[in-house]
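What follows is the content of protein-v1.tsv, which has TSV, N, CA and C atoms:
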chain	number	residue	atom	x	y	z
A	1	MET	N	13.72	28.39	49.44
A	1	MET	CA	13.08	28.89	50.64
A	1	MET	C	11.98	29.91	50.31
A	2	LYS	N	12.27	30.79	49.33
A	2	LYS	CA	11.28	31.79	48.94
A	2	LYS	C	10.04	31.12	48.37
A	3	LYS	N	10.24	30.02	47.62
A	3	LYS	CA	9.09	29.29	47.06
A	3	LYS	C	8.24	28.71	48.18
A	4	LEU	N	8.86	28.18	49.20
A	4	LEU	CA	8.13	27.60	50.32
A	4	LEU	C	7.31	28.66	51.04
A	5	ILE	N	7.88	29.82	51.27
A	5	ILE	CA	7.16	30.92	51.93
A	5	ILE	C	6.00	31.37	51.05
A	6	PHE	N	6.24	31.52	49.74
A	6	PHE	CA	5.19	31.95	48.81
A	6	PHE	C	4.04	30.94	48.78
A	7	ILE	N	4.36	29.66	48.71
A	7	ILE	CA	3.32	28.62	48.68
A	7	ILE	C	2.55	28.61	50.00
A	8	SER	N	3.23	28.80	51.11
A	8	SER	CA	2.55	28.83	52.42
A	8	SER	C	1.60	30.01	52.50
A	9	LEU	N	2.03	31.18	52.05
A	9	LEU	CA	1.17	32.37	52.06
A	9	LEU	C	-0.02	32.19	51.13
A	10	LEU	N	0.20	31.61	49.97
A	10	LEU	CA	-0.88	31.36	49.02
A	10	LEU	C	-1.90	30.39	49.60
A	11	ALA	N	-1.44	29.32	50.22
A	11	ALA	CA	-2.34	28.34	50.84
A	11	ALA	C	-3.13	28.98	51.98
A	12	ALA	N	-2.48	29.79	52.79
A	12	ALA	CA	-3.18	30.45	53.91
A	12	ALA	C	-4.24	31.41	53.38
A	13	THR	N	-3.93	32.12	52.30
A	13	THR	CA	-4.90	33.05	51.71
A	13	THR	C	-6.11	32.31	51.17
A	14	LEU	N	-5.89	31.22	50.47
A	14	LEU	CA	-7.00	30.44	49.92
A	14	LEU	C	-7.86	29.82	51.01
A	15	LEU	N	-7.26	29.33	52.06
A	15	LEU	CA	-8.02	28.74	53.16
A	15	LEU	C	-8.82	29.80	53.90
A	16	ALA	N	-8.27	31.00	54.03
A	16	ALA	CA	-8.97	32.08	54.72
A	16	ALA	C	-10.19	32.54	53.94
A	17	CYS	N	-10.18	32.36	52.64
A	17	CYS	CA	-11.30	32.80	51.79
A	17	CYS	C	-12.39	31.75	51.67
A	18	GLU	N	-12.21	30.58	52.28
A	18	GLU	CA	-13.23	29.53	52.20
A	18	GLU	C	-14.52	30.01	52.83
A	19	LYS	N	-15.62	29.86	52.11
A	19	LYS	CA	-16.91	30.33	52.58
A	19	LYS	C	-17.46	29.42	53.68
A	20	ASP	N	-18.02	30.03	54.71
A	20	ASP	CA	-18.64	29.27	55.79
A	20	ASP	C	-19.80	28.46	55.23
A	21	LYS	N	-19.90	27.20	55.63
A	21	LYS	CA	-20.96	26.34	55.13
A	21	LYS	C	-22.35	26.82	55.55
A	22	ASN	N	-22.45	27.59	56.62
A	22	ASN	CA	-23.75	28.09	57.08
A	22	ASN	C	-24.03	29.51	56.57
A	23	ALA	N	-23.09	30.10	55.84
A	23	ALA	CA	-23.31	31.47	55.34
A	23	ALA	C	-24.50	31.47	54.40
A	24	LYS	N	-25.24	32.55	54.41
A	24	LYS	CA	-26.46	32.64	53.62
A	24	LYS	C	-26.56	34.01	52.99
A	25	ASP	N	-27.02	34.07	51.74
A	25	ASP	CA	-27.21	35.35	51.06
A	25	ASP	C	-28.43	36.09	51.58
A	26	PHE	N	-29.40	35.37	52.12
A	26	PHE	CA	-30.64	35.97	52.61
A	26	PHE	C	-31.30	36.82	51.53
A	27	LYS	N	-31.48	36.22	50.37
A	27	LYS	CA	-32.19	36.87	49.27
A	27	LYS	C	-33.24	35.92	48.77
A	28	GLY	N	-34.43	36.45	48.47
A	28	GLY	CA	-35.44	35.64	47.82
A	28	GLY	C	-36.70	35.49	48.64
A	29	THR	N	-37.60	34.70	48.07
A	29	THR	CA	-38.87	34.40	48.73
A	29	THR	C	-38.83	32.98	49.25
A	30	TYR	N	-39.27	32.81	50.49
A	30	TYR	CA	-39.26	31.52	51.16
A	30	TYR	C	-40.69	31.16	51.58
A	31	THR	N	-41.00	29.89	51.52
A	31	THR	CA	-42.30	29.42	51.98
A	31	THR	C	-42.08	28.21	52.88
A	32	GLY	N	-42.99	28.01	53.81
A	32	GLY	CA	-42.86	26.90	54.74
A	32	GLY	C	-43.83	27.03	55.88
A	33	THR	N	-43.34	26.69	57.08
A	33	THR	CA	-44.21	26.74	58.26
A	33	THR	C	-43.55	27.51	59.39
A	34	PHE	N	-44.40	28.11	60.20
A	34	PHE	CA	-44.02	28.71	61.47
A	34	PHE	C	-44.51	27.75	62.54
A	35	ARG	N	-43.66	27.43	63.52
A	35	ARG	CA	-44.03	26.47	64.57
A	35	ARG	C	-43.84	27.09	65.94
A	36	THR	N	-44.80	26.80	66.81
A	36	THR	CA	-44.70	27.22	68.21
A	36	THR	C	-45.53	26.25	69.04
A	37	LYS	N	-45.45	26.40	70.34
A	37	LYS	CA	-46.27	25.60	71.24
A	37	LYS	C	-47.37	26.45	71.83
A	38	GLN	N	-48.58	25.90	71.86
A	38	GLN	CA	-49.70	26.55	72.52
A	38	GLN	C	-50.44	25.48	73.32
A	39	ASP	N	-50.62	25.73	74.60
A	39	ASP	CA	-51.27	24.77	75.50
A	39	ASP	C	-50.58	23.41	75.45
A	40	GLY	N	-49.26	23.42	75.36
A	40	GLY	CA	-48.49	22.19	75.37
A	40	GLY	C	-48.48	21.42	74.06
A	41	LYS	N	-49.11	21.95	73.01
A	41	LYS	CA	-49.18	21.26	71.72
A	41	LYS	C	-48.47	22.08	70.66
A	42	MET	N	-47.81	21.38	69.72
A	42	MET	CA	-47.14	22.05	68.61
A	42	MET	C	-48.19	22.57	67.64
A	43	VAL	N	-48.05	23.83	67.25
A	43	VAL	CA	-48.94	24.47	66.29
A	43	VAL	C	-48.11	24.87	65.08
A	44	MET	N	-48.60	24.56	63.87
A	44	MET	CA	-47.90	24.93	62.64
A	44	MET	C	-48.80	25.83	61.80
A	45	ILE	N	-48.22	26.91	61.28
A	45	ILE	CA	-48.95	27.89	60.47
A	45	ILE	C	-48.18	28.08	59.17
A	46	ASP	N	-48.86	27.98	58.02
A	46	ASP	CA	-48.21	28.23	56.73
A	46	ASP	C	-47.66	29.65	56.70
A	47	THR	N	-46.46	29.80	56.13
A	47	THR	CA	-45.76	31.08	56.14
A	47	THR	C	-45.11	31.36	54.80
A	48	GLU	N	-45.07	32.63	54.44
A	48	GLU	CA	-44.29	33.09	53.28
A	48	GLU	C	-43.54	34.34	53.69
A	49	LEU	N	-42.24	34.37	53.37
A	49	LEU	CA	-41.35	35.43	53.81
A	49	LEU	C	-40.45	35.83	52.66
A	50	THR	N	-40.31	37.14	52.43
A	50	THR	CA	-39.39	37.65	51.41
A	50	THR	C	-38.25	38.40	52.11
A	51	LEU	N	-37.02	38.07	51.71
A	51	LEU	CA	-35.82	38.71	52.24
A	51	LEU	C	-35.06	39.32	51.06
A	52	LEU	N	-34.77	40.63	51.13
A	52	LEU	CA	-34.08	41.27	50.02
A	52	LEU	C	-33.41	42.56	50.49
A	53	ASN	N	-32.12	42.68	50.22
A	53	ASN	CA	-31.36	43.91	50.51
A	53	ASN	C	-31.51	44.40	51.95
A	54	GLY	N	-31.49	43.48	52.90
A	54	GLY	CA	-31.58	43.86	54.31
A	54	GLY	C	-32.98	44.17	54.79
A	55	ASN	N	-33.99	43.91	53.95
A	55	ASN	CA	-35.38	44.13	54.34
A	55	ASN	C	-36.14	42.82	54.27
A	56	PHE	N	-37.21	42.72	55.06
A	56	PHE	CA	-38.03	41.52	55.04
A	56	PHE	C	-39.50	41.90	54.99
A	57	GLU	N	-40.30	40.93	54.52
A	57	GLU	CA	-41.76	41.08	54.54
A	57	GLU	C	-42.38	39.72	54.76
A	58	VAL	N	-43.18	39.60	55.81
A	58	VAL	CA	-43.94	38.39	56.06
A	58	VAL	C	-45.27	38.56	55.34
A	59	LYS	N	-45.47	37.79	54.27
A	59	LYS	CA	-46.67	37.91	53.44
A	59	LYS	C	-47.78	36.99	53.90
A	60	LYS	N	-47.38	35.95	54.63
A	60	LYS	CA	-48.34	34.96	55.14
A	60	LYS	C	-47.72	34.36	56.38
A	61	GLY	N	-48.48	34.23	57.45
A	61	GLY	CA	-47.92	33.66	58.66
A	61	GLY	C	-48.73	34.01	59.88
A	62	PRO	N	-48.12	33.83	61.06
A	62	PRO	CA	-48.85	34.10	62.30
A	62	PRO	C	-49.21	35.58	62.42
A	63	LYS	N	-48.32	36.46	62.00
A	63	LYS	CA	-48.55	37.92	61.96
A	63	LYS	C	-47.83	38.46	60.73
A	64	LEU	N	-48.54	39.23	59.91
A	64	LEU	CA	-47.92	39.86	58.76
A	64	LEU	C	-47.10	41.04	59.26
A	65	GLY	N	-46.00	41.31	58.62
A	65	GLY	CA	-45.17	42.41	59.06
A	65	GLY	C	-44.04	42.65	58.09
A	66	ASN	N	-43.30	43.70	58.33
A	66	ASN	CA	-42.14	44.00	57.51
A	66	ASN	C	-41.19	44.90	58.28
A	67	GLY	N	-39.98	44.99	57.77
A	67	GLY	CA	-38.96	45.78	58.43
A	67	GLY	C	-37.59	45.46	57.86
A	68	SER	N	-36.58	45.52	58.71
A	68	SER	CA	-35.21	45.26	58.27
A	68	SER	C	-34.62	44.10	59.07
A	69	PHE	N	-33.52	43.56	58.53
A	69	PHE	CA	-32.80	42.51	59.25
A	69	PHE	C	-31.31	42.71	59.07
A	70	LYS	N	-30.55	42.15	60.02
A	70	LYS	CA	-29.10	42.27	59.99
A	70	LYS	C	-28.48	40.95	60.44
A	71	LEU	N	-27.54	40.44	59.66
A	71	LEU	CA	-26.79	39.26	60.07
A	71	LEU	C	-25.80	39.69	61.15
A	72	GLU	N	-25.92	39.10	62.32
A	72	GLU	CA	-25.03	39.45	63.43
A	72	GLU	C	-23.71	38.70	63.33
A	73	ASP	N	-23.77	37.43	62.97
A	73	ASP	CA	-22.59	36.59	62.79
A	73	ASP	C	-23.01	35.39	61.95
A	74	LYS	N	-22.23	34.33	61.98
A	74	LYS	CA	-22.49	33.15	61.14
A	74	LYS	C	-23.64	32.29	61.64
A	75	ARG	N	-24.24	32.65	62.76
A	75	ARG	CA	-25.31	31.83	63.34
A	75	ARG	C	-26.55	32.63	63.74
A	76	THR	N	-26.45	33.96	63.84
A	76	THR	CA	-27.60	34.73	64.33
A	76	THR	C	-27.94	35.88	63.38
A	77	VAL	N	-29.24	36.17	63.36
A	77	VAL	CA	-29.77	37.27	62.56
A	77	VAL	C	-30.79	38.01	63.42
A	78	THR	N	-30.82	39.34	63.32
A	78	THR	CA	-31.76	40.15	64.08
A	78	THR	C	-32.73	40.84	63.14
A	79	PHE	N	-34.03	40.66	63.42
A	79	PHE	CA	-35.10	41.28	62.65
A	79	PHE	C	-35.66	42.44	63.44
A	80	SER	N	-35.96	43.55	62.75
A	80	SER	CA	-36.58	44.73	63.38
A	80	SER	C	-37.87	45.06	62.65
A	81	ASP	N	-38.99	44.66	63.23
A	81	ASP	CA	-40.29	44.93	62.63
A	81	ASP	C	-40.62	46.41	62.82
A	82	LYS	N	-41.17	47.06	61.80
A	82	LYS	CA	-41.41	48.50	61.88
A	82	LYS	C	-42.88	48.86	62.11
A	83	ASN	N	-43.72	47.90	62.40
A	83	ASN	CA	-45.15	48.15	62.55
A	83	ASN	C	-45.54	48.45	63.98
A	84	VAL	N	-46.72	49.05	64.13
A	84	VAL	CA	-47.31	49.32	65.45
A	84	VAL	C	-48.31	48.20	65.73
A	85	TRP	N	-48.22	47.59	66.90
A	85	TRP	CA	-49.06	46.44	67.24
A	85	TRP	C	-49.84	46.72	68.52
A	86	THR	N	-51.00	46.08	68.64
A	86	THR	CA	-51.76	46.13	69.89
A	86	THR	C	-51.12	45.18	70.89
A	87	ALA	N	-51.53	45.26	72.14
A	87	ALA	CA	-50.88	44.46	73.18
A	87	ALA	C	-51.67	43.22	73.57
A	88	ASP	N	-52.62	42.78	72.75
A	88	ASP	CA	-53.52	41.71	73.15
A	88	ASP	C	-53.18	40.34	72.57
A	89	PHE	N	-51.90	40.07	72.30
A	89	PHE	CA	-51.50	38.77	71.78
A	89	PHE	C	-50.02	38.54	72.11
A	90	ASP	N	-49.54	37.36	71.82
A	90	ASP	CA	-48.14	37.01	72.04
A	90	ASP	C	-47.28	37.71	70.99
A	91	TRP	N	-46.51	38.70	71.39
A	91	TRP	CA	-45.69	39.48	70.45
A	91	TRP	C	-44.57	38.66	69.83
A	92	ASN	N	-44.27	37.50	70.36
A	92	ASN	CA	-43.26	36.65	69.75
A	92	ASN	C	-43.75	36.01	68.45
A	93	LEU	N	-45.03	36.18	68.15
A	93	LEU	CA	-45.55	35.72	66.86
A	93	LEU	C	-45.12	36.67	65.73
A	94	ILE	N	-44.63	37.84	66.08
A	94	ILE	CA	-44.10	38.80	65.11
A	94	ILE	C	-42.65	38.43	64.83
A	95	LEU	N	-42.24	38.45	63.57
A	95	LEU	CA	-40.83	38.22	63.24
A	95	LEU	C	-40.06	39.47	63.66
A	96	ASN	N	-39.49	39.40	64.87
A	96	ASN	CA	-38.80	40.53	65.47
A	96	ASN	C	-37.85	40.00	66.52
A	97	GLY	N	-36.67	40.57	66.60
A	97	GLY	CA	-35.70	40.13	67.59
A	97	GLY	C	-34.63	39.23	66.99
A	98	THR	N	-33.86	38.60	67.84
A	98	THR	CA	-32.72	37.80	67.40
A	98	THR	C	-33.08	36.32	67.31
A	99	TYR	N	-32.70	35.71	66.19
A	99	TYR	CA	-32.94	34.30	65.90
A	99	TYR	C	-31.62	33.65	65.53
A	100	THR	N	-31.47	32.38	65.88
A	100	THR	CA	-30.37	31.60	65.31
A	100	THR	C	-30.86	31.10	63.96
A	101	TYR	N	-29.93	30.89	63.04
A	101	TYR	CA	-30.34	30.37	61.75
A	101	TYR	C	-29.45	29.24	61.29
A	102	GLN	N	-30.05	28.37	60.48
A	102	GLN	CA	-29.34	27.29	59.80
A	102	GLN	C	-29.69	27.40	58.33
A	103	ALA	N	-28.67	27.45	57.50
A	103	ALA	CA	-28.86	27.50	56.06
A	103	ALA	C	-28.46	26.14	55.50
A	104	LEU	N	-29.41	25.43	54.93
A	104	LEU	CA	-29.17	24.09	54.40
A	104	LEU	C	-29.62	24.05	52.94
A	105	ALA	N	-28.68	24.22	52.01
A	105	ALA	CA	-28.98	24.25	50.57
A	105	ALA	C	-30.01	25.35	50.30
A	106	ASP	N	-31.22	24.99	49.89
A	106	ASP	CA	-32.25	26.00	49.61
A	106	ASP	C	-33.21	26.17	50.78
A	107	SER	N	-32.85	25.68	51.95
A	107	SER	CA	-33.71	25.78	53.13
A	107	SER	C	-33.11	26.76	54.15
A	108	LEU	N	-33.99	27.35	54.93
A	108	LEU	CA	-33.59	28.27	55.98
A	108	LEU	C	-34.44	27.98	57.21
A	109	ILE	N	-33.77	27.77	58.34
A	109	ILE	CA	-34.46	27.53	59.60
A	109	ILE	C	-34.09	28.65	60.56
A	110	LEU	N	-35.10	29.39	61.02
A	110	LEU	CA	-34.93	30.47	61.99
A	110	LEU	C	-35.54	30.02	63.30
A	111	THR	N	-34.78	30.07	64.38
A	111	THR	CA	-35.27	29.58	65.67
A	111	THR	C	-35.04	30.60	66.76
A	112	ARG	N	-36.07	30.76	67.59
A	112	ARG	CA	-35.96	31.62	68.76
A	112	ARG	C	-36.52	30.86	69.96
A	113	VAL	N	-35.69	30.68	70.97
A	113	VAL	CA	-36.09	30.01	72.20
A	113	VAL	C	-35.91	31.00	73.33
A	114	LEU	N	-36.98	31.23	74.08
A	114	LEU	CA	-36.93	32.15	75.21
A	114	LEU	C	-36.76	31.34	76.49
A	115	TYR	N	-35.88	31.80	77.34
A	115	TYR	CA	-35.65	31.11	78.61
A	115	TYR	C	-36.14	32.00	79.75
A	116	ALA	N	-36.79	31.39	80.71
A	116	ALA	CA	-37.30	32.12	81.87
A	116	ALA	C	-36.99	31.34	83.13
A	117	THR	N	-37.08	32.01	84.26
A	117	THR	CA	-36.82	31.33	85.53
A	117	THR	C	-38.01	30.48	85.94
A	118	THR	N	-39.19	30.77	85.40
A	118	THR	CA	-40.37	29.94	85.66
A	118	THR	C	-40.80	29.30	84.34
A	119	PRO	N	-41.39	28.12	84.38
A	119	PRO	CA	-41.81	27.47	83.14
A	119	PRO	C	-42.85	28.31	82.40
A	120	ILE	N	-42.62	28.49	81.11
A	120	ILE	CA	-43.61	29.16	80.27
A	120	ILE	C	-43.95	28.25	79.11
A	121	ASP	N	-45.19	28.30	78.67
A	121	ASP	CA	-45.64	27.41	77.62
A	121	ASP	C	-45.11	27.81	76.25
A	122	ASN	N	-45.23	29.08	75.92
A	122	ASN	CA	-44.85	29.55	74.60
A	122	ASN	C	-43.43	30.10	74.62
A	123	ASN	N	-42.44	29.23	74.53
A	123	ASN	CA	-41.06	29.69	74.54
A	123	ASN	C	-40.29	29.27	73.31
A	124	TYR	N	-40.95	28.64	72.35
A	124	TYR	CA	-40.30	28.08	71.17
A	124	TYR	C	-40.98	28.64	69.92
A	125	TYR	N	-40.19	29.32	69.07
A	125	TYR	CA	-40.71	29.93	67.85
A	125	TYR	C	-39.75	29.61	66.71
A	126	GLN	N	-40.26	28.94	65.69
A	126	GLN	CA	-39.37	28.51	64.61
A	126	GLN	C	-40.04	28.64	63.24
A	127	TYR	N	-39.26	29.15	62.28
A	127	TYR	CA	-39.66	29.20	60.88
A	127	TYR	C	-38.85	28.15	60.15
A	128	ARG	N	-39.53	27.23	59.45
A	128	ARG	CA	-38.86	26.23	58.60
A	128	ARG	C	-39.26	26.55	57.16
A	129	LEU	N	-38.30	27.04	56.40
A	129	LEU	CA	-38.59	27.63	55.10
A	129	LEU	C	-37.77	27.00	53.98
A	130	LYS	N	-38.34	27.02	52.78
A	130	LYS	CA	-37.68	26.56	51.59
A	130	LYS	C	-37.72	27.71	50.57
A	131	GLN	N	-36.60	27.97	49.91
A	131	GLN	CA	-36.53	29.09	48.98
A	131	GLN	C	-37.27	28.78	47.69
A	132	LEU	N	-38.10	29.74	47.26
A	132	LEU	CA	-38.83	29.59	46.00
A	132	LEU	C	-38.01	30.08	44.82
A	133	ASN	N	-37.28	31.17	45.00
A	133	ASN	CA	-36.47	31.71	43.90
A	133	ASN	C	-35.17	32.24	44.41
For the file at hand, write its structure as structure tokens.
Amino acid sequence: MKKLIFISLLAATLLACEKDKNAKDFKGTYTGTFRTKQDGKMVMIDTELTLLNGNFEVKKGPKLGNGSFKLEDKRTVTFSDKNVWTADFDWNLILNGTYTYQALADSLILTRVLYATTPIDNNYYQYRLKQLN
């Protein structure tokens, strides 16, 4: 009986330690595209993003920026840009706020969809990235 209890506890411990398939280290440099809609058409912009020790830097993309990020859970990450911006453009082009993420091998997809009570054109913002290192 003691062996059965020990084996059950050992199996439960090992299963509890199984890593989530979507878990991500969020370390390294990523390159890819930023996608959004403008005037009803999909627009793609080449992007490069570095993530390291809870900090990020957009080196190439719709808006350059940097700041910190925090994994909220197994599906969402929140970016906090630390720069001062003018008010004459779509601020959603800045990597800032909460995004859902998908980690697929060496790829990372960050998506932000804004919902409104009235139809808006620019409500879809997505980074499709591949890790360089």
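Using all atoms listed in the file for every distance, the candidate list A:Tyr30, A:Tyr125, A:Tyr99, A:Tyr115 yields A:Tyr99 as the residue closest to Phe79 (chain A).
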Please identify all polymer residues lying at most 7 Å from the point (-44.5, 31.2, 57.0) (file coordinates), using only N, CA and C atoms, and present the result as an NGL selection string. :A and (30-34 or 45-49 or 60-62 or 127-128)
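Atom C of Glu72 (chain A) is found 23.6 Å from atom N of Lys59 (chain A).
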State, in Å with one decimal place, the distance from atom C of Asp90 (chain A) to CA of Thr50 (chain A).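 Going from atom C of Asp90 (chain A) over to CA of Thr50 (chain A), I get 21.1 Å.
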Let me have the centre and edge lengths of the axis-aligned box enclosing all listed atoms of region 36-54 of chain A with 3 Å padding on every side, in Å to one decimal, as JSON.
{"center_x": -41.3, "center_y": 32.8, "center_z": 62.8, "size_x": 25.9, "size_y": 29.1, "size_z": 31.5}
For this session: Enumerate, as a PyMOL selection string, the complete set of residues in region 12-119 of chain A that a backbone-based DSSP assignment places in strand (DSSP E).
Result: chain A and resi 28-38+41-52+55-60+65-71+76-81+97-104+107-113
In Å and to one decimal, atom C of Ile109 (chain A) is distant from CA of Val84 (chain A) by 25.0 Å
List every protein, DNA or RNA residue that has an atom no more than 6.5 Å from (-38.3, 44.8, 63.0) in the file's coordinate frame, counting only N, CA and C atoms, and report them as a list in words.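 With a cut-off of 6.5 Å, the residues come to Asn66, Gly67, Ser68, Phe79, Ser80, Asp81, Lys82, Asn83, Leu95, Asn96 and Gly97 of chain A.
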* Asked: Do you know which residues are at most 6 Å from Gln126 (chain A) counting only N, CA and C atoms, after dropping those on the same chain fewer than 3 positions away, and could you put them as a ChimeraX atom specification?
  -> /A:33-36,110-112
Nearest candidate to Arg75 (chain A) (options A:Thr100, A:Asn92, A:Asn53, A:Ser107; using only N, CA and C atoms)
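Residue with the minimum atom-to-atom distance to Arg75 (chain A): A:Thr100.
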